[in-house]
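With mmCIF, C-alpha atoms inside, this is data-v9.cif:
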```cif
data_my_file
loop_
_atom_site.label_atom_id
_atom_site.label_comp_id
_atom_site.auth_asym_id
_atom_site.auth_seq_id
_atom_site.Cartn_x
_atom_site.Cartn_y
_atom_site.Cartn_z
CA MET M 21 111.32 100.28 69.86
CA THR M 22 112.45 102.30 72.88
CA LYS M 23 109.01 103.92 73.22
CA LEU M 24 107.36 100.50 73.16
CA ARG M 25 109.75 99.21 75.85
CA ASP M 26 109.11 102.31 77.98
CA LEU M 27 105.35 101.83 77.64
CA GLN M 28 105.67 98.15 78.53
CA HIS M 29 107.74 99.07 81.60
CA ARG M 30 105.17 101.64 82.76
CA VAL M 31 102.19 99.33 82.26
CA VAL M 32 103.79 96.32 83.96
CA THR M 33 105.22 98.26 86.92
CA THR M 34 101.91 100.06 87.49
CA GLY M 35 100.11 96.71 87.57
CA GLN M 36 102.72 95.29 89.92
CA ARG M 37 102.61 98.31 92.24
CA TYR M 38 98.84 98.54 92.62
CA ILE M 39 97.64 94.96 92.06
CA GLY M 40 100.33 92.26 92.10
CA ASN M 41 102.65 93.38 94.89
CA PRO M 42 99.94 94.11 97.50
CA ILE M 43 98.41 90.66 96.93
CA LEU M 44 101.67 88.69 96.66
CA GLY M 45 103.22 90.48 99.64
CA ARG M 46 100.51 89.04 101.90
CA LEU M 47 101.07 85.43 100.88
CA PRO M 48 103.11 83.60 103.54
CA VAL M 49 104.96 81.49 100.94
CA GLN M 50 105.97 84.44 98.74
CA THR M 51 109.65 85.34 98.74
CA LEU M 52 110.12 89.01 99.66
CA LEU M 53 113.10 91.30 99.14
CA GLU M 54 113.57 94.20 101.55
CA THR M 55 115.79 97.02 100.36
CA THR M 56 116.39 100.47 101.85
CA GLY M 57 114.81 103.30 99.88
CA ARG M 58 117.60 105.32 98.29
CA LYS M 59 115.79 108.62 98.88
CA SER M 60 113.56 107.91 101.88
CA GLY M 61 115.83 105.58 103.83
CA GLN M 62 112.70 103.55 104.61
CA PRO M 63 112.38 99.78 104.14
CA ARG M 64 110.92 98.82 100.76
CA ILE M 65 109.40 95.36 100.27
CA THR M 66 109.20 93.73 96.83
CA PRO M 67 107.78 90.27 96.05
CA ILE M 68 110.31 88.39 93.93
CA GLY M 69 110.90 84.99 92.43
CA GLY M 70 114.15 83.11 92.45
CA ARG M 71 115.93 80.20 94.05
CA ARG M 72 118.26 79.62 96.94
CA SER M 73 121.44 77.72 96.14
CA GLY M 74 123.57 77.09 99.22
CA ASN M 75 124.24 80.44 100.88
CA SER M 76 123.16 82.45 97.84
CA PHE M 77 119.81 83.42 96.40
CA TRP M 78 119.53 84.07 92.65
CA LEU M 79 116.90 86.14 90.84
CA VAL M 80 116.47 87.96 87.55
CA SER M 81 115.05 91.48 87.42
CA GLU M 82 112.80 91.96 84.39
CA PHE M 83 113.62 95.66 83.98
CA GLY M 84 117.24 95.74 85.12
CA GLU M 85 118.45 99.13 86.29
CA LYS M 86 115.00 100.66 85.70
CA SER M 87 113.60 98.57 88.58
CA GLN M 88 113.25 100.57 91.77
CA TYR M 89 114.62 97.75 93.92
CA ILE M 90 117.70 97.55 91.68
CA ARG M 91 118.24 101.29 92.10
CA ASN M 92 117.91 100.83 95.86
CA ILE M 93 120.49 98.01 95.76
CA GLN M 94 122.87 100.24 93.82
CA ALA M 95 122.62 102.81 96.63
CA ASP M 96 122.84 100.25 99.48
CA ASN M 97 123.38 96.57 98.75
CA HIS M 98 122.54 95.37 102.28
CA VAL M 99 119.18 93.62 101.97
CA ARG M 100 116.87 91.23 103.77
CA LEU M 101 115.13 88.31 102.13
CA ARG M 102 112.09 86.38 103.37
CA ILE M 103 112.22 82.78 102.16
CA ARG M 104 109.44 80.41 103.27
CA GLY M 105 108.46 82.76 106.10
CA ARG M 106 111.97 83.23 107.53
CA TRP M 107 113.98 86.45 107.19
CA TYR M 108 117.67 86.42 106.23
CA SER M 109 120.14 89.30 105.94
CA GLY M 110 122.37 89.44 102.92
CA THR M 111 124.42 91.41 100.45
CA ALA M 112 123.09 91.85 96.92
CA HIS M 113 125.35 91.83 93.88
CA LEU M 114 124.25 92.90 90.41
CA MET M 115 125.62 90.48 87.81
CA PRO M 116 125.45 92.24 84.41
CA GLY M 117 127.92 89.75 82.90
CA ASP M 118 125.71 86.77 83.75
CA ASP M 119 123.50 85.28 81.01
CA ALA M 120 120.10 86.17 82.50
CA ARG M 121 118.14 84.03 80.00
CA ALA M 122 120.26 80.99 80.87
CA ARG M 123 119.86 81.80 84.57
CA LEU M 124 116.07 81.85 84.20
CA ARG M 125 116.21 78.22 83.04
CA GLU M 126 117.64 77.33 86.49
CA LEU M 127 114.98 79.25 88.44
CA PRO M 128 111.31 78.37 89.15
CA ARG M 129 109.42 77.95 85.87
CA ALA M 130 106.31 80.03 86.50
CA ASN M 131 108.17 83.14 87.64
CA SER M 132 110.80 82.70 84.91
CA ALA M 133 108.09 82.52 82.22
CA VAL M 134 106.58 85.80 83.43
CA VAL M 135 109.99 87.52 83.63
CA ARG M 136 110.86 86.34 80.09
CA ALA M 137 107.47 87.41 78.72
CA LEU M 138 107.30 90.86 80.34
CA GLY M 139 110.94 91.77 80.78
CA THR M 140 112.71 94.25 78.57
CA ASP M 141 116.15 94.50 80.23
CA LEU M 142 116.99 91.34 82.17
CA LEU M 143 119.57 91.57 84.95
CA THR M 144 120.77 88.77 87.22
CA VAL M 145 121.11 89.45 90.94
CA ARG M 146 122.92 87.24 93.47
CA ILE M 147 122.26 87.74 97.15
CA ASP M 148 124.88 86.30 99.50
CA LEU M 149 123.11 85.35 102.72
CA ASP M 150 124.82 86.05 106.05
#
```
Could you express the structure from this file as C-alpha cells?
Amino acid sequence: MTKLRDLQHRVVTTGQRYIGNPILGRLPVQTLLETTGRKSGQPRITPIGGRRSGNSFWLVSEFGEKSQYIRNIQADNHVRLRIRGRWYSGTAHLMPGDDARARLRELPRANSAVVRALGTDLLTVRIDLD
C-alpha cells in the first residue's frame, strides 16, 4: 500500500508542478500561498483551495508533511496569501489533531473533492491573517 501511495504522490505532484500550478497561478481569482523555501530562502508560490473565516484561512493539504509547502511552513511559518487578488501576511499553523475530512466538508466543494480523491495523507492548515 505504501508503494501505491508513493506512486500516487509522485504522479499527482508532477502533474501539479508542470501543468496545474503554472496555469492556476496565472488566474487572478486563484488563491495563492507564498512560503519561503526552506533551502533556497526564495519565495515559493503554490495555488491552493480553502476558505477564509474571519481572520483565519483554512485549507487541507492532500499529502500532509510530504507537501513541499508544508515542509516550508515547518521551517518558517510566516506566509503570504493572495485571496481575490489581494495579498495578506499571516502565520500558518499545522493542525494534525483536526479532522481533515470533516474540515473539507466546510471548504469549497470542487477543491475538496479533488483533495479527497487524490490525497493520501490529509493535513489541516490554519493561517492566521495579520
Leaving out stretch 57-62 of chain M and any residue of its chain fewer than 6 positions from it, which residues lie within 12 Å of it when counting all atoms listed in the file, given as a short mmCIF file (atom, residue, chain, number, x, y, z; two decimals) with C-alpha atoms, keeping the file's coordinate frame?
```
data_model
loop_
_atom_site.label_atom_id
_atom_site.label_comp_id
_atom_site.auth_asym_id
_atom_site.auth_seq_id
_atom_site.Cartn_x
_atom_site.Cartn_y
_atom_site.Cartn_z
CA GLN M 88 113.25 100.57 91.77
CA TYR M 89 114.62 97.75 93.92
CA ILE M 90 117.70 97.55 91.68
CA ARG M 91 118.24 101.29 92.10
CA ASN M 92 117.91 100.83 95.86
CA ILE M 93 120.49 98.01 95.76
CA GLN M 94 122.87 100.24 93.82
CA ALA M 95 122.62 102.81 96.63
CA ASP M 96 122.84 100.25 99.48
CA ASN M 97 123.38 96.57 98.75
CA HIS M 98 122.54 95.37 102.28
CA VAL M 99 119.18 93.62 101.97
#
```
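Residue nearest M:Ala112, chosen from M:Thr51, M:Ser87, M:Arg100, M:Arg129 and counting only C-alpha atoms: M:Arg100.
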Atom pair atom CA of M:Glu82 + atom CA of M:Gln28, distance 11.1 Å
Applying 9 Å and only C-alpha atoms, which residues near M:Ile103 remain after dropping the ones on its own chain fewer than 3 positions away? List them as a list in words. Val49, Gln50, Thr51, Leu52, Arg72, Arg106, Trp107 and Tyr108 of chain M
Per residue of stretch 44-102 of chain M within 9 Å of stretch 115-125 of chain M, record the nearest atom pair and its distance in Å to one decimal, counting only C-alpha atoms, with rows in chain order and ascending residue number, as CSV.
```
residue,atom,partner,partner_atom,distance
M:Gly70,CA,M:Leu124,CA,8.6
M:Trp78,CA,M:Arg123,CA,8.4
M:Leu79,CA,M:Leu124,CA,7.9
M:Val80,CA,M:Ala120,CA,6.5
M:Ser81,CA,M:Ala120,CA,8.8
M:Gly84,CA,M:Pro116,CA,9.0
```
Those same residues - C-alpha atoms - I'd like them written as a PDB file, keeping the file's coordinate frame.
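out_20.pdb, freshly written:
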```pdb
ATOM      1  CA  GLY M  70     114.150  83.110  92.450  1.00  0.00           C
ATOM      2  CA  TRP M  78     119.530  84.070  92.650  1.00  0.00           C
ATOM      3  CA  LEU M  79     116.900  86.140  90.840  1.00  0.00           C
ATOM      4  CA  VAL M  80     116.470  87.960  87.550  1.00  0.00           C
ATOM      5  CA  SER M  81     115.050  91.480  87.420  1.00  0.00           C
ATOM      6  CA  GLY M  84     117.240  95.740  85.120  1.00  0.00           C
TER       7      GLY M  84
END
```
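Across M:Leu101, M:Ser76, M:Gly69, M:His113, the tightest approach to M:Ala130 is made by M:Gly69 when counting only C-alpha atoms.
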Atomic distance atom CA of M:Ser132 - atom CA of M:Thr66, expressed in Å with one decimal: 16.3 Å
If you count all atoms listed in the file, the residue of M:Ser109, M:Asp150, M:Arg136, M:Thr144 closest to M:Glu54 turns out to be M:Ser109
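Proximity of M:Asp26, M:Glu85, M:Pro67, M:Leu143 to M:Thr55, computed with all atoms listed in the file, is greatest for M:Pro67.
Applied to the file shown here, the PyMOL selection byres ((chain M and resi 138) around 12) selects M:Arg25, M:Asp26, M:Leu27, M:Gln28, M:His29, M:Arg30, M:Val31, M:Val32, M:Thr33, M:Gly35, M:Gln36, M:Ser81, M:Glu82, M:Phe83, M:Asn131, M:Ser132, M:Ala133, M:Val134, M:Val135, M:Arg136, M:Ala137, M:Gly139, M:Thr140, M:Asp141, M:Leu142.
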Separation of atom CA of M:Thr56 from atom CA of M:Gly74 in Å: 24.6 Å
